[in-house]
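J.: coords.cif is the file, holding mmCIF, C-alpha atoms:
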data_upload
loop_
_atom_site.label_atom_id
_atom_site.label_comp_id
_atom_site.auth_asym_id
_atom_site.auth_seq_id
_atom_site.Cartn_x
_atom_site.Cartn_y
_atom_site.Cartn_z
CA MET L 211 20.13 -104.92 -157.65
CA ALA L 212 21.90 -105.97 -154.47
CA HIS L 213 20.30 -108.66 -152.29
CA ILE L 214 20.06 -106.22 -149.33
CA GLU L 215 19.57 -102.46 -149.24
CA LEU L 216 22.95 -100.85 -149.85
CA SER L 217 23.86 -97.25 -150.74
CA LYS L 218 23.51 -96.78 -154.49
CA GLU L 219 26.74 -94.77 -154.82
CA LEU L 220 29.04 -97.36 -153.24
CA PRO L 221 30.42 -100.03 -155.60
CA GLY L 222 31.55 -103.54 -154.70
CA ILE L 223 32.66 -104.13 -151.13
CA THR L 224 32.28 -100.47 -150.17
CA GLY L 225 28.50 -100.92 -149.89
CA PRO L 226 28.61 -103.83 -147.39
CA LEU L 227 31.47 -102.15 -145.47
CA ALA L 228 29.29 -99.05 -144.98
CA PHE L 229 26.27 -101.24 -144.13
CA SER L 230 28.17 -103.02 -141.34
CA PRO L 231 30.87 -100.77 -139.79
CA GLU L 232 31.54 -103.19 -136.93
CA THR L 233 32.71 -105.93 -139.30
CA ALA L 234 34.32 -103.42 -141.70
CA SER L 235 36.94 -102.64 -139.07
CA PRO L 236 38.61 -106.10 -138.88
CA LEU L 237 38.06 -106.67 -142.62
CA LEU L 238 39.95 -103.47 -143.48
CA SER L 239 42.64 -104.10 -140.84
CA LEU L 240 43.28 -107.54 -142.29
CA ALA L 241 43.62 -106.16 -145.84
CA GLU L 242 45.94 -103.37 -144.64
CA ILE L 243 48.27 -105.80 -142.84
CA LEU L 244 48.24 -108.43 -145.60
CA LEU L 245 48.72 -106.07 -148.54
CA ARG L 246 50.63 -103.11 -147.12
CA GLY L 247 52.21 -104.24 -143.82
CA PRO L 248 56.00 -104.80 -143.45
CA ASN L 249 56.89 -107.80 -145.60
CA THR L 250 59.62 -109.29 -147.76
CA LEU L 251 57.00 -109.57 -150.52
CA THR L 252 56.36 -106.16 -152.07
CA SER L 253 52.87 -104.67 -152.03
CA ALA L 254 52.84 -105.11 -155.82
CA GLU L 255 53.46 -108.84 -155.37
CA ARG L 256 50.81 -109.19 -152.66
CA GLU L 257 48.27 -107.23 -154.73
CA MET L 258 49.06 -109.61 -157.63
CA ILE L 259 48.09 -112.59 -155.44
CA ALA L 260 44.86 -110.80 -154.45
CA THR L 261 44.14 -109.98 -158.10
CA TYR L 262 44.84 -113.47 -159.37
CA VAL L 263 42.64 -115.17 -156.75
CA SER L 264 39.85 -112.64 -157.40
CA SER L 265 40.05 -113.33 -161.13
CA GLN L 266 39.86 -117.09 -160.49
CA ASN L 267 36.77 -116.41 -158.36
CA ASP L 268 35.41 -114.25 -161.20
CA CYS L 269 34.89 -111.26 -158.88
CA CYS L 270 34.85 -108.22 -161.14
CA PHE L 271 35.18 -105.54 -158.46
CA CYS L 272 38.05 -107.17 -156.53
CA GLN L 273 40.12 -108.18 -159.55
CA LEU L 274 39.84 -104.71 -161.11
CA SER L 275 40.39 -102.70 -157.91
CA HIS L 276 43.33 -104.80 -156.67
CA GLY L 277 44.65 -105.16 -160.22
CA ALA L 278 44.69 -101.35 -160.42
CA ALA L 279 46.48 -101.17 -157.05
CA ALA L 280 49.08 -103.71 -158.24
CA ALA L 281 49.59 -101.82 -161.51
CA GLU L 282 49.92 -98.54 -159.63
CA HIS L 283 52.66 -100.06 -157.43
CA LEU L 284 54.39 -101.06 -160.71
CA GLY L 285 54.28 -97.55 -162.15
CA GLY L 286 51.13 -98.18 -164.17
CA ASP L 287 51.88 -101.53 -165.83
CA TYR L 288 48.27 -102.65 -166.39
CA ALA L 289 49.28 -104.92 -169.27
CA LEU L 290 51.39 -107.12 -166.96
CA ILE L 291 48.43 -107.57 -164.63
CA ASP L 292 46.26 -108.64 -167.57
CA ARG L 293 48.87 -111.19 -168.71
CA LEU L 294 49.23 -112.51 -165.16
CA LYS L 295 45.48 -113.14 -164.96
CA GLN L 296 45.53 -114.92 -168.32
CA ASN L 297 48.53 -117.15 -167.56
CA PHE L 298 50.93 -116.27 -164.75
CA GLU L 299 53.38 -119.00 -165.80
CA THR L 300 54.29 -117.02 -168.94
CA ALA L 301 54.06 -113.51 -167.41
CA GLU L 302 57.18 -111.41 -166.76
CA ILE L 303 57.31 -112.05 -163.01
CA SER L 304 59.88 -113.83 -160.84
CA GLU L 305 60.00 -117.62 -160.60
CA LYS L 306 59.25 -117.23 -156.89
CA MET L 307 56.10 -115.27 -157.67
CA LYS L 308 55.01 -117.94 -160.15
CA ALA L 309 55.44 -120.60 -157.47
CA LEU L 310 53.50 -118.51 -154.91
CA LEU L 311 50.69 -117.83 -157.40
CA ALA L 312 50.49 -121.58 -158.02
CA VAL L 313 50.01 -122.07 -154.25
CA ALA L 314 47.40 -119.28 -154.19
CA GLY L 315 45.56 -120.91 -157.10
CA LYS L 316 45.36 -124.17 -155.16
CA VAL L 317 44.05 -122.38 -152.05
CA GLN L 318 41.37 -120.75 -154.22
CA LYS L 319 40.13 -124.21 -155.22
CA GLY L 320 40.28 -125.49 -151.62
CA GLY L 321 42.82 -125.65 -148.80
CA LYS L 322 43.41 -129.37 -149.23
CA GLN L 323 44.49 -128.85 -152.86
CA VAL L 324 47.88 -127.48 -151.76
CA THR L 325 50.47 -130.24 -152.12
CA ALA L 326 53.95 -130.81 -150.71
CA ALA L 327 55.20 -130.41 -154.29
CA ASP L 328 53.60 -126.94 -154.54
CA ILE L 329 55.37 -125.93 -151.32
CA ALA L 330 58.67 -127.50 -152.43
CA ARG L 331 58.55 -125.52 -155.67
CA ALA L 332 58.08 -122.27 -153.70
CA ARG L 333 60.94 -123.13 -151.33
CA GLU L 334 63.25 -123.95 -154.26
CA GLN L 335 62.62 -120.41 -155.48
CA GLY L 336 63.56 -119.02 -152.09
CA ALA L 337 60.14 -118.54 -150.48
CA THR L 338 60.26 -118.35 -146.68
CA ASP L 339 57.76 -119.76 -144.17
CA LYS L 340 56.31 -116.29 -143.68
CA GLU L 341 55.96 -115.74 -147.44
CA ILE L 342 54.18 -119.08 -147.81
CA HIS L 343 51.96 -118.29 -144.80
CA ASP L 344 51.09 -114.85 -146.17
CA THR L 345 50.38 -116.22 -149.65
CA VAL L 346 47.98 -118.81 -148.22
CA LEU L 347 46.25 -116.23 -146.02
CA ILE L 348 45.97 -113.60 -148.79
CA ALA L 349 44.45 -116.24 -151.10
CA ALA L 350 42.10 -117.45 -148.35
CA ALA L 351 41.11 -113.89 -147.42
CA PHE L 352 40.19 -113.06 -151.03
CA CYS L 353 38.03 -116.18 -151.14
CA MET L 354 36.16 -114.37 -148.34
CA TYR L 355 36.16 -110.82 -149.80
CA ASN L 356 35.09 -112.12 -153.24
CA ARG L 357 32.19 -114.10 -151.73
CA TYR L 358 31.16 -111.11 -149.59
CA VAL L 359 31.05 -108.87 -152.67
CA ASP L 360 29.28 -111.31 -155.00
CA GLY L 361 27.17 -113.13 -152.39
CA LEU L 362 25.34 -109.88 -151.62
CA GLY L 363 24.88 -109.09 -155.32
CA THR L 364 26.68 -105.74 -155.09
CA TRP L 365 26.83 -103.20 -157.91
CA GLN L 366 30.19 -103.40 -159.73
CA PRO L 367 31.30 -101.14 -162.59
CA SER L 368 32.65 -103.31 -165.43
CA ASP L 369 34.91 -100.68 -167.07
CA PRO L 370 38.54 -101.08 -165.84
CA GLU L 371 39.10 -97.34 -166.39
CA GLN L 372 36.73 -96.64 -163.52
CA TYR L 373 39.05 -98.43 -161.10
CA ARG L 374 42.22 -96.45 -161.81
CA GLU L 375 41.67 -93.69 -159.26
CA MET L 376 40.65 -96.30 -156.70
CA GLY L 377 43.82 -98.28 -157.42
CA LYS L 378 45.93 -95.17 -156.79
CA ARG L 379 44.22 -94.50 -153.47
CA LEU L 380 44.53 -98.14 -152.37
CA ALA L 381 48.21 -98.26 -153.32
CA HIS L 382 49.15 -94.97 -151.67
CA GLU L 383 46.65 -94.51 -148.84
CA GLY L 384 45.67 -98.09 -148.09
CA TYR L 385 42.70 -99.84 -146.56
CA LYS L 386 42.05 -97.84 -143.43
CA ARG L 387 38.62 -96.35 -143.02
CA ARG L 388 38.36 -92.73 -144.05
CA GLU L 389 36.07 -90.44 -142.11
CA SER L 390 35.68 -87.86 -144.85
CA ARG L 391 34.47 -90.13 -147.62
CA PRO L 392 33.01 -93.57 -148.11
CA VAL L 393 35.10 -96.54 -147.08
CA GLU L 394 37.39 -97.96 -149.72
CA ALA L 395 37.71 -101.37 -151.25
CA ALA L 396 39.14 -104.20 -149.20
CA MET Y 201 53.27 -132.37 -141.18
CA ALA Y 202 52.31 -128.75 -141.71
CA HIS Y 203 53.64 -126.93 -144.78
CA ILE Y 204 55.43 -124.38 -142.57
CA GLU Y 205 57.00 -124.72 -139.12
CA LEU Y 206 54.21 -124.45 -136.55
CA SER Y 207 54.16 -125.30 -132.85
CA LYS Y 208 53.49 -129.03 -132.44
CA GLU Y 209 51.03 -128.55 -129.56
CA LEU Y 210 48.68 -126.19 -131.36
CA PRO Y 211 45.94 -127.84 -133.46
CA GLY Y 212 44.17 -126.37 -136.48
CA ILE Y 213 44.06 -122.60 -136.77
CA THR Y 214 45.76 -122.08 -133.40
CA GLY Y 215 49.15 -122.88 -134.97
CA PRO Y 216 48.96 -120.24 -137.73
CA LEU Y 217 47.43 -117.69 -135.32
CA ALA Y 218 50.45 -118.10 -133.02
CA PHE Y 219 52.81 -117.99 -136.02
CA SER Y 220 51.39 -114.65 -137.18
CA PRO Y 221 50.08 -112.56 -134.25
CA GLU Y 222 49.61 -109.45 -136.38
CA THR Y 223 47.05 -111.16 -138.63
CA ALA Y 224 45.59 -113.17 -135.71
CA SER Y 225 44.23 -109.96 -134.21
CA PRO Y 226 41.76 -109.02 -137.02
CA LEU Y 227 40.98 -112.72 -137.68
CA LEU Y 228 39.94 -113.23 -134.05
CA SER Y 229 38.09 -109.88 -133.87
CA LEU Y 230 36.08 -110.81 -136.94
CA ALA Y 231 35.10 -114.20 -135.47
CA GLU Y 232 34.16 -112.60 -132.15
CA ILE Y 233 31.87 -110.01 -133.78
CA LEU Y 234 30.33 -112.45 -136.26
CA LEU Y 235 29.69 -115.30 -133.83
CA ARG Y 236 29.23 -113.62 -130.44
CA GLY Y 237 28.46 -109.94 -131.09
CA PRO Y 238 24.98 -108.45 -130.48
CA ASN Y 239 22.66 -110.01 -133.05
CA THR Y 240 19.08 -111.15 -133.62
CA LEU Y 241 20.55 -114.52 -134.64
CA THR Y 242 21.65 -116.46 -131.57
CA SER Y 243 25.27 -117.54 -131.20
CA ALA Y 244 24.03 -121.13 -131.58
CA GLU Y 245 22.52 -120.22 -134.97
CA ARG Y 246 25.64 -118.37 -136.13
CA GLU Y 247 27.90 -121.25 -135.00
CA MET Y 248 25.62 -123.58 -136.99
CA ILE Y 249 26.28 -121.55 -140.13
CA ALA Y 250 30.03 -121.68 -139.43
CA THR Y 251 29.84 -125.43 -138.81
CA TYR Y 252 27.80 -126.17 -141.92
CA VAL Y 253 30.09 -124.18 -144.23
CA SER Y 254 33.17 -125.80 -142.65
CA SER Y 255 31.67 -129.24 -143.20
CA GLN Y 256 30.95 -128.40 -146.85
CA ASN Y 257 34.58 -127.32 -147.15
CA ASP Y 258 35.59 -130.60 -145.47
CA CYS Y 259 37.63 -128.77 -142.81
CA CYS Y 260 37.86 -131.17 -139.88
CA PHE Y 261 39.15 -128.72 -137.27
CA CYS Y 262 36.66 -125.94 -137.99
CA GLN Y 263 33.58 -128.12 -138.28
CA LEU Y 264 34.37 -129.98 -135.03
CA SER Y 265 35.41 -126.92 -133.00
CA HIS Y 266 32.50 -124.73 -134.13
CA GLY Y 267 30.14 -127.71 -134.03
CA ALA Y 268 31.15 -128.17 -130.39
CA ALA Y 269 30.59 -124.45 -129.72
CA ALA Y 270 27.12 -124.63 -131.35
CA ALA Y 271 26.24 -127.76 -129.34
CA GLU Y 272 27.44 -126.12 -126.15
CA HIS Y 273 25.18 -123.11 -126.80
CA LEU Y 274 22.34 -125.65 -127.19
CA GLY Y 275 23.02 -127.34 -123.86
CA GLY Y 276 25.10 -130.14 -125.39
CA ASP Y 277 22.94 -131.23 -128.34
CA TYR Y 278 25.71 -132.72 -130.48
CA ALA Y 279 23.26 -134.99 -132.30
CA LEU Y 280 21.41 -132.00 -133.78
CA ILE Y 281 24.67 -130.60 -135.15
CA ASP Y 282 25.45 -133.96 -136.77
CA ARG Y 283 22.00 -134.07 -138.40
CA LEU Y 284 22.36 -130.49 -139.59
CA LYS Y 285 25.64 -131.33 -141.34
CA GLN Y 286 24.06 -134.40 -142.99
CA ASN Y 287 20.90 -132.61 -144.20
CA PHE Y 288 19.83 -129.31 -142.68
CA GLU Y 289 16.50 -129.38 -144.54
CA THR Y 290 15.31 -132.26 -142.33
CA ALA Y 291 17.00 -131.15 -139.08
CA GLU Y 292 14.97 -129.78 -136.13
CA ILE Y 293 15.80 -126.13 -136.76
CA SER Y 294 13.58 -123.17 -137.71
CA GLU Y 295 12.46 -122.62 -141.29
CA LYS Y 296 14.36 -119.31 -141.19
CA MET Y 297 17.56 -121.14 -140.27
CA LYS Y 298 17.03 -123.62 -143.11
CA ALA Y 299 16.67 -120.71 -145.54
CA LEU Y 300 19.80 -119.02 -144.16
CA LEU Y 301 21.80 -122.26 -144.33
CA ALA Y 302 20.72 -122.60 -147.96
CA VAL Y 303 22.15 -119.11 -148.62
CA ALA Y 304 25.33 -120.04 -146.74
CA GLY Y 305 25.66 -123.21 -148.81
CA LYS Y 306 25.50 -121.17 -152.01
CA VAL Y 307 28.13 -118.72 -150.74
CA GLN Y 308 30.38 -121.70 -149.96
CA LYS Y 309 30.22 -122.74 -153.62
CA GLY Y 310 30.77 -119.17 -154.83
CA GLY Y 311 29.27 -115.73 -154.27
CA LYS Y 312 27.54 -115.66 -157.64
CA GLN Y 313 25.61 -118.86 -156.76
CA VAL Y 314 23.26 -116.93 -154.45
CA THR Y 315 19.99 -116.29 -156.31
CA ALA Y 316 17.08 -113.90 -155.83
CA ALA Y 317 14.99 -116.99 -155.01
CA ASP Y 318 17.39 -117.96 -152.18
CA ILE Y 319 17.03 -114.45 -150.72
CA ALA Y 320 13.25 -114.44 -151.22
CA ARG Y 321 12.95 -117.72 -149.31
CA ALA Y 322 14.92 -116.23 -146.40
CA ARG Y 323 12.78 -113.07 -146.39
CA GLU Y 324 9.57 -115.12 -146.43
CA GLN Y 325 10.79 -116.76 -143.23
CA GLY Y 326 11.37 -113.36 -141.66
CA ALA Y 327 15.10 -112.87 -142.26
CA THR Y 328 16.19 -109.21 -142.10
CA ASP Y 329 18.80 -107.43 -144.22
CA LYS Y 330 21.27 -107.67 -141.34
CA GLU Y 331 20.63 -111.39 -140.87
CA ILE Y 332 21.16 -111.99 -144.61
CA HIS Y 333 24.31 -109.84 -144.55
CA ASP Y 334 25.70 -111.66 -141.54
CA THR Y 335 24.89 -115.08 -143.00
CA VAL Y 336 26.75 -114.21 -146.20
CA LEU Y 337 29.73 -112.82 -144.29
CA ILE Y 338 29.93 -115.75 -141.84
CA ALA Y 339 29.84 -118.18 -144.78
CA ALA Y 340 32.45 -116.15 -146.67
CA ALA Y 341 34.66 -115.84 -143.59
CA PHE Y 342 34.65 -119.59 -143.03
CA CYS Y 343 35.69 -120.10 -146.64
CA MET Y 344 38.74 -118.11 -145.51
CA TYR Y 345 39.34 -119.78 -142.13
CA ASN Y 346 38.89 -123.27 -143.63
CA ARG Y 347 41.41 -122.53 -146.41
CA TYR Y 348 43.86 -121.01 -143.91
CA VAL Y 349 43.68 -124.16 -141.74
CA ASP Y 350 43.88 -126.70 -144.58
CA GLY Y 351 46.05 -124.68 -146.99
CA LEU Y 352 48.89 -124.73 -144.44
CA GLY Y 353 48.43 -128.45 -143.78
CA THR Y 354 47.84 -127.97 -140.03
CA TRP Y 355 47.59 -130.81 -137.54
CA GLN Y 356 43.92 -131.56 -136.70
CA PRO Y 357 42.70 -134.16 -134.18
CA SER Y 358 40.00 -136.29 -135.80
CA ASP Y 359 38.22 -137.40 -132.60
CA PRO Y 360 35.18 -135.16 -131.91
CA GLU Y 361 35.58 -135.80 -128.17
CA GLN Y 362 38.80 -133.81 -128.23
CA TYR Y 363 36.91 -130.68 -129.29
CA ARG Y 364 34.39 -130.61 -126.43
CA GLU Y 365 36.46 -128.55 -123.99
CA MET Y 366 37.40 -126.19 -126.82
CA GLY Y 367 33.72 -125.81 -127.74
CA LYS Y 368 32.90 -124.84 -124.17
CA ARG Y 369 35.64 -122.22 -124.08
CA LEU Y 370 34.66 -120.80 -127.47
CA ALA Y 371 30.98 -120.62 -126.47
CA HIS Y 372 31.57 -119.02 -123.07
CA GLU Y 373 34.83 -117.09 -123.41
CA GLY Y 374 34.90 -116.39 -127.13
CA TYR Y 375 37.55 -115.65 -129.71
CA LYS Y 376 39.64 -113.01 -128.03
CA ARG Y 377 43.32 -113.73 -127.68
CA ARG Y 378 44.28 -115.09 -124.29
CA GLU Y 379 47.62 -114.09 -122.82
CA SER Y 380 47.90 -117.03 -120.47
CA ARG Y 381 47.45 -119.83 -122.95
CA PRO Y 382 47.61 -120.50 -126.68
CA VAL Y 383 45.17 -118.62 -128.89
CA GLU Y 384 41.88 -120.35 -129.52
CA ALA Y 385 40.15 -121.45 -132.66
CA ALA Y 386 38.66 -118.87 -134.96
#
Output the file's structure in the form of structure tokens.

T.:
Amino acid sequence: MAHIELSKELPGITGPLAFSPETASPLLSLAEILLRGPNTLTSAEREMIATYVSSQNDCCFCQLSHGAAAAEHLGGDYALIDRLKQNFETAEISEKMKALLAVAGKVQKGGKQVTAADIARAREQGATDKEIHDTVLIAAAFCMYNRYVDGLGTWQPSDPEQYREMGKRLAHEGYKRRESRPVEAA
Amino acid sequence: MAHIELSKELPGITGPLAFSPETASPLLSLAEILLRGPNTLTSAEREMIATYVSSQNDCCFCQLSHGAAAAEHLGGDYALIDRLKQNFETAEISEKMKALLAVAGKVQKGGKQVTAADIARAREQGATDKEIHDTVLIAAAFCMYNRYVDGLGTWQPSDPEQYREMGKRLAHEGYKRRESRPVEAA
């Protein structure tokens, strides 16, 4: 049971977003810009960063919903997302993405964990200032979303299959609030 | 030196906010609503939560800027803010605030650390669902802001005196972007 009274039908972050519409607005805007705004990193790559950080924070809802969004952007490659969560260094992703995920993993542990060597590795693989900035902010933001979801004790389905439709909507429609149905995952 | 190229004159989060105006907008809106929006918790109390979490994350810029804002809301009681960071359980704050800071401290460690007993303690001291929600989200948000500031290796003055003017501006003018001068701390 959640720590505060949330709608029973709304899983994960969607409960708190509905509980507090005034904070939902900037939280959803931030996710929309970070994950789907114009960027030299693809949405698949940015959703991978979100998924990896959420898995390191052990947040079931966020890692499965953003993992489904990432897989959807990749034409349904759920197996790659699973391998990336297990060990991104051996997953079939670019060397630049491996370097950026290493930065994201440091941010998850704490901002001061990021070293000059981590940044140098990313630059050697062609990462730009904006890509490094966005990687740090996506990782930092998911340290917030994950804590929001778990800190309120929200209800989270544990079956990955239940996140597939959500992943499609997040990938194709994004993180803006919808008037006609409950707010979506951030 | 920061990990990416940021303006030399802008300390802490103000550098990254100027680097990335499109993400600055929701980041500042979120801080404004959480710390200065209509609420049964005073801005002083909400700035205390931000300060405590930032001190637990060892983020110099955020703990000194928000500590200065909290002190300013309290008529300049910087000593109370220092005691609160050292041990909030013995500081001269309400029992409800102690219970909420205990929740915030758990969120800082990880969302799943918050227990039913932590929530029960807060409720016994009169905390409402909204106050618990806002405490969790403020704590989670500062786990983001702190990582954003430190993960990019930003320049941060270490002298608390240098944050006093900033604290006054944050307390009285808030977190909206200013056109006429650099963006302020979030």

J.: I'd like the residues picked by the PyMOL selection byres ((chain L) within 7 of (chain Y)) written out as number ranges by chain, using the chain letters and numbers from the file.

T.: L: 213-214, 233, 236, 239-240, 243, 317, 320-322, 324, 329, 339, 346-347, 350-351, 353-354, 356-358, 360-361

J.: Counting all atoms listed in the file, find the residues whose atoms lie at most 10 Å from (47.6, -116.0, -160.7) (file coordinates) and write them out as a PyMOL selection string.

T.: chain L and resi 258-266+291+293-299+301+307-315

J.: Using Å and a single decimal, report how far atom CA of L:Ala254 sits from atom CA of L:Thr224.

T.: 21.8 Å

J.: One number please: atom CA of L:Gly285 to atom CA of L:Glu383, in Å, one decimal.

T.: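 It comes out at 15.6 Å.
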
J.: Run through the PyMOL selection byres ((chain L and resi 271) around 8) on the given coordinates and return the selected residues as JSON, numbers by chain.

T.: {"L": [221, 222, 223, 269, 270, 272, 273, 274, 275, 359, 366, 367, 368]}

J.: How far is it from atom CA of L:Ser253 to atom CA of Y:Ala218, in Å with one decimal?

T.: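 Computing the Euclidean distance for atom CA of L:Ser253 and atom CA of Y:Ala218 yields 23.4 Å.
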
J.: Considering all atoms listed in the file, return as a PyMOL selection string whatever protein or nucleic-acid residues lie within 12 Å of Y:Gly367, sequence-local ones (same chain, fewer than 3 positions apart) excluded.

T.: chain Y and resi 244+247+251+261-276+278+360-364+370-375+384-386
